[in-house]
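Undergrad: Handing over data17.pdb, PDB, C-alpha atoms.
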MODEL        1
ATOM      1  CA  MET A  18      49.929  11.015  36.578
ATOM      2  CA  ALA A  19      50.481  14.058  34.381
ATOM      3  CA  ILE A  20      47.216  13.411  32.564
ATOM      4  CA  ALA A  21      45.328  13.213  35.874
ATOM      5  CA  ALA A  22      46.927  16.452  37.055
ATOM      6  CA  ALA A  23      46.003  18.161  33.797
ATOM      7  CA  ILE A  24      42.404  16.972  34.101
ATOM      8  CA  ILE A  25      42.175  18.222  37.692
ATOM      9  CA  ALA A  26      43.702  21.565  36.707
ATOM     10  CA  SER A  27      41.243  21.889  33.827
ATOM     11  CA  ILE A  28      38.301  21.185  36.132
ATOM     12  CA  ILE A  29      39.499  23.781  38.644
ATOM     13  CA  ILE A  30      39.967  26.406  35.926
ATOM     14  CA  ALA A  31      36.548  25.615  34.474
ATOM     15  CA  LEU A  32      34.895  25.959  37.894
ATOM     16  CA  LEU A  33      36.693  29.245  38.570
ATOM     17  CA  LEU A  34      35.565  30.609  35.210
ATOM     18  CA  LEU A  35      32.007  29.453  35.879
ATOM     19  CA  GLY A  36      32.083  31.084  39.309
ATOM     20  CA  LEU A  37      33.422  34.303  37.782
ATOM     21  CA  TYR A  38      30.647  34.226  35.191
ATOM     22  CA  PHE A  39      27.988  34.002  37.904
ATOM     23  CA  VAL A  40      29.584  36.801  39.948
ATOM     24  CA  ARG A  41      29.595  39.084  36.911
ATOM     25  CA  PHE A  42      26.102  38.038  35.834
ATOM     26  CA  ALA A  43      24.473  38.352  39.259
ATOM     27  CA  LEU A  44      26.407  41.164  40.916
ATOM     28  CA  MET A  45      27.909  43.440  38.279
ATOM     29  CA  ARG A  46      26.044  46.643  37.576
ATOM     30  CA  ARG A  47      23.892  46.664  34.467
ATOM     31  CA  ASP A  48      22.200  49.882  33.434
ATOM     32  CA  PHE A  49      19.456  48.230  31.432
ATOM     33  CA  ASP A  50      16.383  46.261  32.291
ATOM     34  CA  PHE A  51      16.438  42.500  32.120
ATOM     35  CA  ARG A  52      14.673  39.623  33.806
ATOM     36  CA  ILE A  53      16.489  36.850  35.608
ATOM     37  CA  MET A  54      13.619  34.427  35.167
ATOM     38  CA  PRO A  55      11.911  34.832  31.776
ATOM     39  CA  ASP A  56       8.257  33.932  31.643
ATOM     40  CA  LYS A  57       8.140  30.632  29.804
ATOM     41  CA  GLU A  58       4.353  30.398  29.978
ATOM     42  CA  LYS A  59       3.103  31.540  26.564
ATOM     43  CA  GLU A  60      -0.529  30.770  27.374
ATOM     44  CA  PRO A  61      -1.235  31.768  30.978
ATOM     45  CA  SER A  62      -3.870  29.838  32.870
ATOM     46  CA  PRO A  63      -7.260  31.528  33.376
ATOM     47  CA  GLU A  64      -6.350  32.098  37.031
ATOM     48  CA  LYS A  65      -3.096  33.851  36.138
ATOM     49  CA  ALA A  66      -4.791  35.846  33.400
ATOM     50  CA  GLU A  67      -7.349  37.076  35.952
ATOM     51  CA  ARG A  68      -4.602  37.964  38.412
ATOM     52  CA  LYS A  69      -2.794  39.920  35.703
ATOM     53  CA  ARG A  70      -6.017  41.771  34.876
ATOM     54  CA  ILE A  71      -6.454  42.782  38.524
ATOM     55  CA  ILE A  72      -2.815  43.817  38.935
ATOM     56  CA  ASP A  73      -2.784  45.784  35.673
ATOM     57  CA  GLY A  74      -5.964  47.562  36.683
ATOM     58  CA  ASN A  75      -4.583  48.507  40.080
ATOM     59  CA  ALA A  76      -1.299  49.604  38.488
ATOM     60  CA  GLU A  77      -3.220  51.924  36.168
ATOM     61  CA  ARG A  78      -5.132  53.420  39.094
ATOM     62  CA  PHE A  79      -1.866  53.935  40.930
ATOM     63  CA  ARG A  80      -0.404  55.665  37.890
ATOM     64  CA  SER A  81      -2.979  58.449  38.064
ATOM     65  CA  PHE A  82      -2.749  58.644  41.842
ATOM     66  CA  THR A  83       1.048  58.855  41.777
ATOM     67  CA  GLU A  84       1.097  61.465  39.005
ATOM     68  CA  GLY A  85      -1.023  63.699  41.230
ATOM     69  CA  PHE A  86       1.344  63.081  44.134
ATOM     70  CA  MET A  87       4.365  64.011  42.004
ATOM     71  CA  GLU A  88       2.716  67.296  41.000
ATOM     72  CA  LYS A  89       1.748  68.245  44.554
ATOM     73  CA  CYS A  90       4.929  66.957  46.174
ATOM     74  CA  PRO A  91       7.726  67.151  43.569
ATOM     75  CA  PRO A  92      10.985  65.290  44.210
ATOM     76  CA  GLU A  93      14.037  67.069  45.545
ATOM     77  CA  PRO A  94      17.340  65.420  44.561
ATOM     78  CA  VAL A  95      19.552  64.487  47.499
ATOM     79  CA  SER A  96      22.847  62.651  47.912
ATOM     80  CA  ILE A  97      25.204  61.266  50.535
ATOM     81  CA  VAL A  98      28.589  59.554  50.478
ATOM     82  CA  SER A  99      28.809  55.926  51.586
ATOM     83  CA  SER A 100      31.373  54.647  54.062
ATOM     84  CA  ASP A 101      33.434  53.312  51.132
ATOM     85  CA  GLY A 102      33.321  56.586  49.194
ATOM     86  CA  LEU A 103      30.452  56.083  46.754
ATOM     87  CA  THR A 104      28.058  58.914  45.984
ATOM     88  CA  LEU A 105      24.550  57.613  46.649
ATOM     89  CA  ARG A 106      21.685  59.580  45.159
ATOM     90  CA  GLY A 107      17.984  59.675  45.801
ATOM     91  CA  GLU A 108      14.942  61.899  45.996
ATOM     92  CA  ILE A 109      12.936  63.266  48.889
ATOM     93  CA  HIS A 110       9.301  64.346  48.901
ATOM     94  CA  ARG A 111       8.818  66.670  51.849
ATOM     95  CA  LYS A 112       5.784  66.971  54.091
ATOM     96  CA  ASP A 113       5.293  68.912  57.298
ATOM     97  CA  GLY A 114       5.931  67.089  60.549
ATOM     98  CA  HIS A 115       8.495  64.609  61.803
ATOM     99  CA  ARG A 116       7.404  61.353  60.176
ATOM    100  CA  TYR A 117       9.735  59.896  57.554
ATOM    101  CA  ALA A 118       9.609  56.755  55.413
ATOM    102  CA  ILE A 119      12.673  55.403  53.619
ATOM    103  CA  LEU A 120      11.409  53.300  50.700
ATOM    104  CA  ILE A 121      13.902  50.826  49.241
ATOM    105  CA  HIS A 122      13.625  49.282  45.776
ATOM    106  CA  GLY A 123      14.589  45.789  44.656
ATOM    107  CA  TYR A 124      17.266  44.033  42.635
ATOM    108  CA  LYS A 125      18.068  45.815  39.359
ATOM    109  CA  GLY A 126      15.384  48.378  40.143
ATOM    110  CA  GLU A 127      15.424  52.131  40.622
ATOM    111  CA  ARG A 128      13.921  54.564  43.075
ATOM    112  CA  TRP A 129      11.051  55.619  40.806
ATOM    113  CA  GLN A 130       9.566  52.160  41.284
ATOM    114  CA  MET A 131       8.805  53.092  44.903
ATOM    115  CA  ARG A 132       6.845  56.237  44.029
ATOM    116  CA  ASN A 133       3.488  54.448  44.299
ATOM    117  CA  LEU A 134       4.284  53.659  47.910
ATOM    118  CA  ALA A 135       5.629  57.176  48.425
ATOM    119  CA  ALA A 136       2.276  58.576  47.290
ATOM    120  CA  VAL A 137       0.473  56.480  49.893
ATOM    121  CA  TYR A 138       2.915  57.397  52.661
ATOM    122  CA  ALA A 139       2.627  61.079  51.732
ATOM    123  CA  GLY A 140      -1.133  60.788  52.180
ATOM    124  CA  TRP A 141      -0.421  59.548  55.693
ATOM    125  CA  GLY A 142       1.715  62.638  56.363
ATOM    126  CA  TYR A 143       5.174  61.145  55.849
ATOM    127  CA  THR A 144       8.143  62.776  54.201
ATOM    128  CA  THR A 145       9.410  60.057  51.870
ATOM    129  CA  LEU A 146      13.025  59.344  50.945
ATOM    130  CA  LEU A 147      13.614  57.132  47.914
ATOM    131  CA  PRO A 148      17.288  56.189  47.492
ATOM    132  CA  ASP A 149      18.860  54.502  44.497
ATOM    133  CA  ASN A 150      20.792  51.569  45.923
ATOM    134  CA  ARG A 151      24.493  51.357  45.131
ATOM    135  CA  ALA A 152      25.127  50.145  41.580
ATOM    136  CA  HIS A 153      21.549  51.103  40.688
ATOM    137  CA  GLY A 154      19.974  54.147  39.082
ATOM    138  CA  GLU A 155      21.941  57.351  39.631
ATOM    139  CA  SER A 156      24.014  56.028  42.540
ATOM    140  CA  ASP A 157      27.656  55.100  42.101
ATOM    141  CA  GLY A 158      28.990  51.590  42.418
ATOM    142  CA  ARG A 159      29.990  48.671  40.248
ATOM    143  CA  TRP A 160      28.831  45.758  42.411
ATOM    144  CA  VAL A 161      25.290  45.094  43.638
ATOM    145  CA  GLY A 162      25.187  44.868  47.432
ATOM    146  CA  MET A 163      22.213  42.434  47.650
ATOM    147  CA  GLY A 164      21.146  44.196  50.836
ATOM    148  CA  TRP A 165      24.326  43.397  52.746
ATOM    149  CA  LEU A 166      26.297  46.430  51.606
ATOM    150  CA  ASP A 167      23.067  48.408  51.271
ATOM    151  CA  LYS A 168      22.220  48.009  54.957
ATOM    152  CA  ASP A 169      25.147  50.283  55.829
ATOM    153  CA  ASP A 170      24.072  52.740  53.137
ATOM    154  CA  ILE A 171      20.583  52.874  54.639
ATOM    155  CA  ARG A 172      22.157  53.566  58.026
ATOM    156  CA  LYS A 173      23.899  56.522  56.377
ATOM    157  CA  TRP A 174      20.576  57.782  55.022
ATOM    158  CA  ILE A 175      19.043  57.422  58.489
ATOM    159  CA  ASP A 176      21.878  59.471  59.974
ATOM    160  CA  TRP A 177      21.340  62.096  57.267
ATOM    161  CA  ILE A 178      17.655  62.434  58.200
ATOM    162  CA  VAL A 179      18.427  62.651  61.924
ATOM    163  CA  GLU A 180      21.035  65.341  61.294
ATOM    164  CA  CYS A 181      18.349  67.362  59.506
ATOM    165  CA  ASP A 182      15.614  66.643  62.082
ATOM    166  CA  ASP A 183      16.550  65.242  65.477
ATOM    167  CA  GLU A 184      12.837  64.683  66.218
ATOM    168  CA  ALA A 185      12.426  62.424  63.186
ATOM    169  CA  ARG A 186      10.393  59.234  63.548
ATOM    170  CA  ILE A 187      11.581  56.964  60.776
ATOM    171  CA  ILE A 188      10.050  53.935  59.053
ATOM    172  CA  ILE A 189      12.057  51.731  56.672
ATOM    173  CA  HIS A 190      10.087  49.807  54.039
ATOM    174  CA  GLY A 191      11.550  47.710  51.237
ATOM    175  CA  ILE A 192      10.435  45.245  48.571
ATOM    176  CA  SER A 193      12.382  42.149  47.424
ATOM    177  CA  MET A 194      16.093  43.000  47.748
ATOM    178  CA  GLY A 195      14.799  46.128  49.482
ATOM    179  CA  GLY A 196      12.992  43.860  51.950
ATOM    180  CA  ALA A 197      16.222  41.983  52.622
ATOM    181  CA  THR A 198      17.972  45.341  53.051
ATOM    182  CA  VAL A 199      15.370  46.331  55.659
ATOM    183  CA  MET A 200      15.902  43.108  57.606
ATOM    184  CA  MET A 201      19.674  43.380  57.432
ATOM    185  CA  ALA A 202      19.615  47.038  58.485
ATOM    186  CA  SER A 203      17.227  46.282  61.347
ATOM    187  CA  GLY A 204      19.957  44.375  63.168
ATOM    188  CA  LEU A 205      22.361  47.310  63.193
ATOM    189  CA  ASP A 206      22.772  49.663  66.139
ATOM    190  CA  LEU A 207      20.106  52.087  64.958
ATOM    191  CA  PRO A 208      19.144  55.391  66.589
ATOM    192  CA  GLU A 209      15.896  55.517  68.544
ATOM    193  CA  ASN A 210      14.457  57.612  65.716
ATOM    194  CA  VAL A 211      13.895  54.400  63.737
ATOM    195  CA  ARG A 212      10.524  53.256  64.988
ATOM    196  CA  ALA A 213       9.464  50.363  62.739
ATOM    197  CA  ALA A 214      10.273  48.321  59.635
ATOM    198  CA  VAL A 215       8.231  46.749  56.837
ATOM    199  CA  GLU A 216       9.842  44.053  54.738
ATOM    200  CA  ASP A 217       8.044  42.767  51.658
ATOM    201  CA  CYS A 218       9.185  39.451  50.097
ATOM    202  CA  GLY A 219      12.785  39.674  51.258
ATOM    203  CA  TYR A 220      15.006  36.593  51.191
ATOM    204  CA  THR A 221      16.555  34.783  54.147
ATOM    205  CA  SER A 222      20.118  35.237  52.893
ATOM    206  CA  VAL A 223      22.026  35.988  49.724
ATOM    207  CA  TRP A 224      23.340  32.416  49.779
ATOM    208  CA  ASP A 225      19.809  30.982  49.977
ATOM    209  CA  ILE A 226      18.367  33.049  47.135
ATOM    210  CA  PHE A 227      21.255  32.263  44.789
ATOM    211  CA  CYS A 228      21.044  28.604  45.778
ATOM    212  CA  ASP A 229      17.351  28.545  44.831
ATOM    213  CA  GLU A 230      17.935  30.363  41.539
ATOM    214  CA  LEU A 231      20.900  28.182  40.595
ATOM    215  CA  LYS A 232      18.593  25.183  40.847
ATOM    216  CA  ALA A 233      15.566  26.841  39.226
ATOM    217  CA  ILE A 234      17.259  28.528  36.275
ATOM    218  CA  TYR A 235      20.314  26.414  35.535
ATOM    219  CA  HIS A 236      19.336  23.124  37.172
ATOM    220  CA  LEU A 237      22.729  23.022  38.856
ATOM    221  CA  PRO A 238      23.617  21.891  42.387
ATOM    222  CA  PRO A 239      24.920  24.541  44.807
ATOM    223  CA  PHE A 240      28.138  22.600  45.430
ATOM    224  CA  PRO A 241      30.764  23.391  44.317
ATOM    225  CA  ILE A 242      29.649  26.342  42.162
ATOM    226  CA  LEU A 243      28.163  28.440  44.945
ATOM    227  CA  CYS A 244      31.221  27.888  47.125
ATOM    228  CA  ILE A 245      33.422  29.285  44.364
ATOM    229  CA  PHE A 246      30.910  32.088  43.787
ATOM    230  CA  ASP A 247      31.129  32.935  47.487
ATOM    231  CA  MET A 248      34.917  33.038  47.419
ATOM    232  CA  LEU A 249      35.070  35.203  44.296
ATOM    233  CA  SER A 250      32.327  37.526  45.528
ATOM    234  CA  SER A 251      34.307  38.103  48.728
ATOM    235  CA  LEU A 252      37.384  39.002  46.683
ATOM    236  CA  ILE A 253      35.701  41.020  43.928
ATOM    237  CA  ALA A 254      32.459  42.481  45.308
ATOM    238  CA  GLY A 255      33.649  42.825  48.896
ATOM    239  CA  TYR A 256      31.239  40.544  50.746
ATOM    240  CA  SER A 257      30.427  36.877  51.256
ATOM    241  CA  PRO A 258      26.945  35.708  50.183
ATOM    242  CA  ARG A 259      27.187  32.982  52.816
ATOM    243  CA  LYS A 260      27.585  35.587  55.572
ATOM    244  CA  ALA A 261      25.064  38.051  54.108
ATOM    245  CA  SER A 262      22.140  36.780  56.146
ATOM    246  CA  SER A 263      18.810  38.467  56.807
ATOM    247  CA  LEU A 264      18.116  35.836  59.453
ATOM    248  CA  ARG A 265      21.245  36.653  61.415
ATOM    249  CA  MET A 266      20.449  40.370  61.437
ATOM    250  CA  VAL A 267      16.747  39.922  62.237
ATOM    251  CA  GLU A 268      17.768  37.897  65.291
ATOM    252  CA  LYS A 269      19.440  41.069  66.596
ATOM    253  CA  SER A 270      16.572  43.385  65.699
ATOM    254  CA  THR A 271      14.481  44.986  68.432
ATOM    255  CA  ILE A 272      12.299  47.358  66.371
ATOM    256  CA  PRO A 273       8.721  46.374  65.444
ATOM    257  CA  MET A 274       8.619  44.623  62.079
ATOM    258  CA  LEU A 275       5.905  43.681  59.616
ATOM    259  CA  PHE A 276       6.717  40.769  57.290
ATOM    260  CA  ILE A 277       4.761  40.592  53.998
ATOM    261  CA  HIS A 278       4.822  37.964  51.263
ATOM    262  CA  GLY A 279       2.731  36.776  48.331
ATOM    263  CA  SER A 280       1.339  33.255  48.521
ATOM    264  CA  ASP A 281       2.281  32.606  44.877
ATOM    265  CA  ASP A 282       5.855  33.919  45.036
ATOM    266  CA  HIS A 283       8.048  31.497  43.101
ATOM    267  CA  PHE A 284      11.111  33.743  43.042
ATOM    268  CA  VAL A 285      11.624  34.305  46.764
ATOM    269  CA  GLY A 286       9.827  31.248  48.082
ATOM    270  CA  THR A 287       7.045  31.769  50.598
ATOM    271  CA  TYR A 288       8.910  29.462  52.991
ATOM    272  CA  MET A 289      11.340  32.339  53.505
ATOM    273  CA  LEU A 290       8.544  34.396  55.085
ATOM    274  CA  GLU A 291       8.159  31.799  57.820
ATOM    275  CA  ARG A 292      11.898  31.539  58.433
ATOM    276  CA  ASN A 293      12.342  35.310  58.561
ATOM    277  CA  PHE A 294       9.363  35.711  60.883
ATOM    278  CA  ALA A 295      10.585  32.968  63.224
ATOM    279  CA  ALA A 296      14.059  34.517  63.379
ATOM    280  CA  LYS A 297      12.750  37.669  65.045
ATOM    281  CA  THR A 298      12.642  36.997  68.780
ATOM    282  CA  HIS A 299      13.003  40.557  70.140
ATOM    283  CA  GLY A 300      10.405  43.275  69.766
ATOM    284  CA  SER A 301       6.939  43.051  68.282
ATOM    285  CA  LYS A 302       6.315  41.406  64.927
ATOM    286  CA  GLU A 303       3.409  40.796  62.565
ATOM    287  CA  LYS A 304       3.035  39.081  59.217
ATOM    288  CA  LEU A 305       0.749  39.272  56.205
ATOM    289  CA  LEU A 306       0.435  36.636  53.499
ATOM    290  CA  VAL A 307      -1.349  38.107  50.471
ATOM    291  CA  GLN A 308      -3.234  35.390  48.660
ATOM    292  CA  ASP A 309      -2.625  34.857  44.940
ATOM    293  CA  ALA A 310       0.201  37.420  44.803
ATOM    294  CA  GLY A 311       3.484  36.729  43.019
ATOM    295  CA  HIS A 312       6.862  38.233  43.758
ATOM    296  CA  GLY A 313       6.609  41.923  44.595
ATOM    297  CA  GLU A 314       2.931  41.958  43.578
ATOM    298  CA  SER A 315       1.284  42.070  46.994
ATOM    299  CA  TYR A 316       0.391  45.759  47.089
ATOM    300  CA  LEU A 317      -0.959  45.641  43.535
ATOM    301  CA  ARG A 318      -2.845  42.369  44.066
ATOM    302  CA  ASP A 319      -4.760  43.621  47.106
ATOM    303  CA  PRO A 320      -3.942  47.282  47.810
ATOM    304  CA  GLU A 321      -6.728  47.738  50.376
ATOM    305  CA  LEU A 322      -5.532  44.815  52.498
ATOM    306  CA  TYR A 323      -1.878  45.696  52.031
ATOM    307  CA  PHE A 324      -2.033  49.356  52.973
ATOM    308  CA  SER A 325      -4.629  49.008  55.722
ATOM    309  CA  THR A 326      -2.386  46.384  57.345
ATOM    310  CA  VAL A 327       0.688  48.601  57.000
ATOM    311  CA  ALA A 328      -1.170  51.666  58.319
ATOM    312  CA  ASP A 329      -2.522  49.816  61.363
ATOM    313  CA  PHE A 330       0.904  48.342  62.094
ATOM    314  CA  LEU A 331       2.613  51.729  61.857
ATOM    315  CA  ASP A 332       0.006  53.426  64.030
ATOM    316  CA  ARG A 333       0.604  50.851  66.745
ATOM    317  CA  SER A 334       4.365  51.087  66.370
ATOM    318  CA  LEU A 335       4.627  54.868  66.390
ATOM    319  CA  ASN A 336       2.161  55.295  69.236
ATOM    320  CA  ALA A 337       3.600  52.557  71.431
TER
ENDMDL
END
Translate this file's structure into structure tokens.
TA:
Amino acid sequence: MAIAAAIIASIIIALLLLGLYFVRFALMRRDFDFRIMPDKEKEPSPEKAERKRIIDGNAERFRSFTEGFMEKCPPEPVSIVSSDGLTLRGEIHRKDGHRYAILIHGYKGERWQMRNLAAVYAGWGYTTLLPDNRAHGESDGRWVGMGWLDKDDIRKWIDWIVECDDEARIIIHGISMGGATVMMASGLDLPENVRAAVEDCGYTSVWDIFCDELKAIYHLPPFPILCIFDMLSSLIAGYSPRKASSLRMVEKSTIPMLFIHGSDDHFVGTYMLERNFAAKTHGSKEKLLVQDAGHGESYLRDPELYFSTVADFLDRSLNA
């Protein structure tokens, strides 16, 4: 009996330690670049090599374009305080008029990664706000919000814009975790100033994305590890991955939304595009599947298609 109890206790302790490891690995702030899913393909296929050539070429063209934007429209540092007392920092690129775009970066990213999009939006006459998410870049915070905590931070940024310009017409646009943040924020009680949202390759829920990655990277079943992860995340990071659902918030959303995904996204599976799109039952919605684009690559894989679709969608949404 004592041996059985000791074995059970050892298993419980081992599972708790494993759950704690995953919470720290996935959610604790890290101020250095790393990749969750290393590229194991040493010799890429000819198709992938061609895609990389196209993406690298477009990235180089964007580099020159964005450098010109930064010179003509230099960033102004801005900051707010979150509802839980964190100082959140970002940059704003001002243009005349009342159009604003909040551009939200992805997991383990920083605001500078959204400057290519800011350059395009500036060309359309938008003032662009690029925040560093909590626990990223220059913003405070120890625990990554995975969009769930960030949705309330974005609401704070929206309020900040409206306080500065009560005629503001605001777009929110995010990629990857930023896309999930957009969907989660869209279900909040937003001011009428928020006119439309663009989500690019966002996941259906924090639970779903960690479930997929647990299988893909570690070849482990979600149960019981993810259940322990959920419990520890609630205690340590302040939110439950199970409850942090883009789907649940999109169901509440009434603002027009454009859903974008790459057809070759193996990180946030393309099936999540269909589930996210189906979840929106109020307000107008559109979707774009960019062929032969991996995770977060859509605008670099086919910039003409990507930005013409976004521009047309925003014109319809703002002029409705």
Undergrad: Translate the PyMOL selection byres ((chain A and resi 143-152) around 6), as applied to the file shown, into an explicit residue set as a compact mmCIF listing (two decimals) with C-alpha atoms, keeping the file's coordinate frame.
TA:
# COMPACT_ATOMS: atom_id res chain seq x y z
CA ARG A 46 26.04 46.64 37.58
CA ARG A 106 21.68 59.58 45.16
CA GLY A 107 17.98 59.68 45.80
CA GLU A 108 14.94 61.90 46.00
CA ILE A 109 12.94 63.27 48.89
CA HIS A 110 9.30 64.35 48.90
CA ARG A 111 8.82 66.67 51.85
CA LYS A 112 5.78 66.97 54.09
CA ARG A 116 7.40 61.35 60.18
CA TYR A 117 9.74 59.90 57.55
CA ALA A 118 9.61 56.76 55.41
CA ILE A 119 12.67 55.40 53.62
CA LEU A 120 11.41 53.30 50.70
CA GLU A 127 15.42 52.13 40.62
CA ARG A 128 13.92 54.56 43.08
CA ALA A 135 5.63 57.18 48.42
CA TYR A 138 2.92 57.40 52.66
CA ALA A 139 2.63 61.08 51.73
CA TRP A 141 -0.42 59.55 55.69
CA GLY A 142 1.72 62.64 56.36
CA HIS A 153 21.55 51.10 40.69
CA GLY A 154 19.97 54.15 39.08
CA SER A 156 24.01 56.03 42.54
CA ASP A 157 27.66 55.10 42.10
CA GLY A 158 28.99 51.59 42.42
CA ARG A 159 29.99 48.67 40.25
CA TRP A 160 28.83 45.76 42.41
CA VAL A 161 25.29 45.09 43.64
Undergrad: Please give the centre and size of the box around range 224-230 of chain A (axis-aligned, containing every atom listed in the file, 8 Å added per side), with values in Å to one decimal and written as JSON.
TA:
{"center_x": 20.3, "center_y": 30.8, "center_z": 45.8, "size_x": 22.0, "size_y": 20.5, "size_z": 24.4}
Undergrad: Considering all atoms listed in the file, state which residue in the set A:Ala31, A:Leu331, A:Val223, A:Leu322 is at the smallest distance from Met194 in chain A.
TA: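 Distance minimum relative to Met194 in chain A lands on A:Val223.
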Undergrad: Please write as an MDAnalysis selection string the full residue list that the PyMOL selection byres ((chain A and resi 318) around 10) yields on this file.
TA: chainID A and resid 68:76 279 307:311 313:317 319:323
Undergrad: List as a count of residues only the protein and nucleic acid residues near Leu243 in chain A, meaning an atom at most 8 Å away when only C-alpha atoms are counted, but skip any in the same chain fewer than 2 places from it.
TA: 10
Undergrad: Since the input is missing atoms, can you rebuild N, CA and C atoms for range 153-164 of chain A and write them as a compact mmCIF listing (two decimals), keeping the file's coordinate frame?
TA:
# COMPACT_ATOMS: atom_id res chain seq x y z
N HIS A 153 22.87 51.01 41.29
CA HIS A 153 21.55 51.10 40.69
C HIS A 153 21.24 52.57 40.40
N GLY A 154 20.45 52.80 39.36
CA GLY A 154 19.97 54.15 39.08
C GLY A 154 21.10 55.16 38.97
N GLU A 155 20.97 56.27 39.70
CA GLU A 155 21.94 57.35 39.63
C GLU A 155 23.04 57.23 40.69
N SER A 156 22.98 56.21 41.52
CA SER A 156 24.01 56.03 42.54
C SER A 156 25.25 55.38 41.94
N ASP A 157 26.40 55.70 42.54
CA ASP A 157 27.66 55.10 42.10
C ASP A 157 27.73 53.64 42.53
N GLY A 158 28.73 52.96 42.01
CA GLY A 158 28.99 51.59 42.42
C GLY A 158 29.00 50.64 41.24
N ARG A 159 29.90 49.66 41.31
CA ARG A 159 29.99 48.67 40.25
C ARG A 159 29.33 47.35 40.63
N TRP A 160 29.29 47.06 41.95
CA TRP A 160 28.83 45.76 42.41
C TRP A 160 27.56 45.90 43.25
N VAL A 161 26.56 45.09 42.92
CA VAL A 161 25.29 45.09 43.64
C VAL A 161 25.51 44.55 45.05
N GLY A 162 24.95 45.24 46.04
CA GLY A 162 25.19 44.87 47.43
C GLY A 162 24.26 43.81 47.97
N MET A 163 23.18 43.47 47.25
CA MET A 163 22.21 42.43 47.65
C MET A 163 21.65 42.65 49.06
N GLY A 164 21.64 43.88 49.51
CA GLY A 164 21.15 44.20 50.84
C GLY A 164 22.23 44.26 51.89
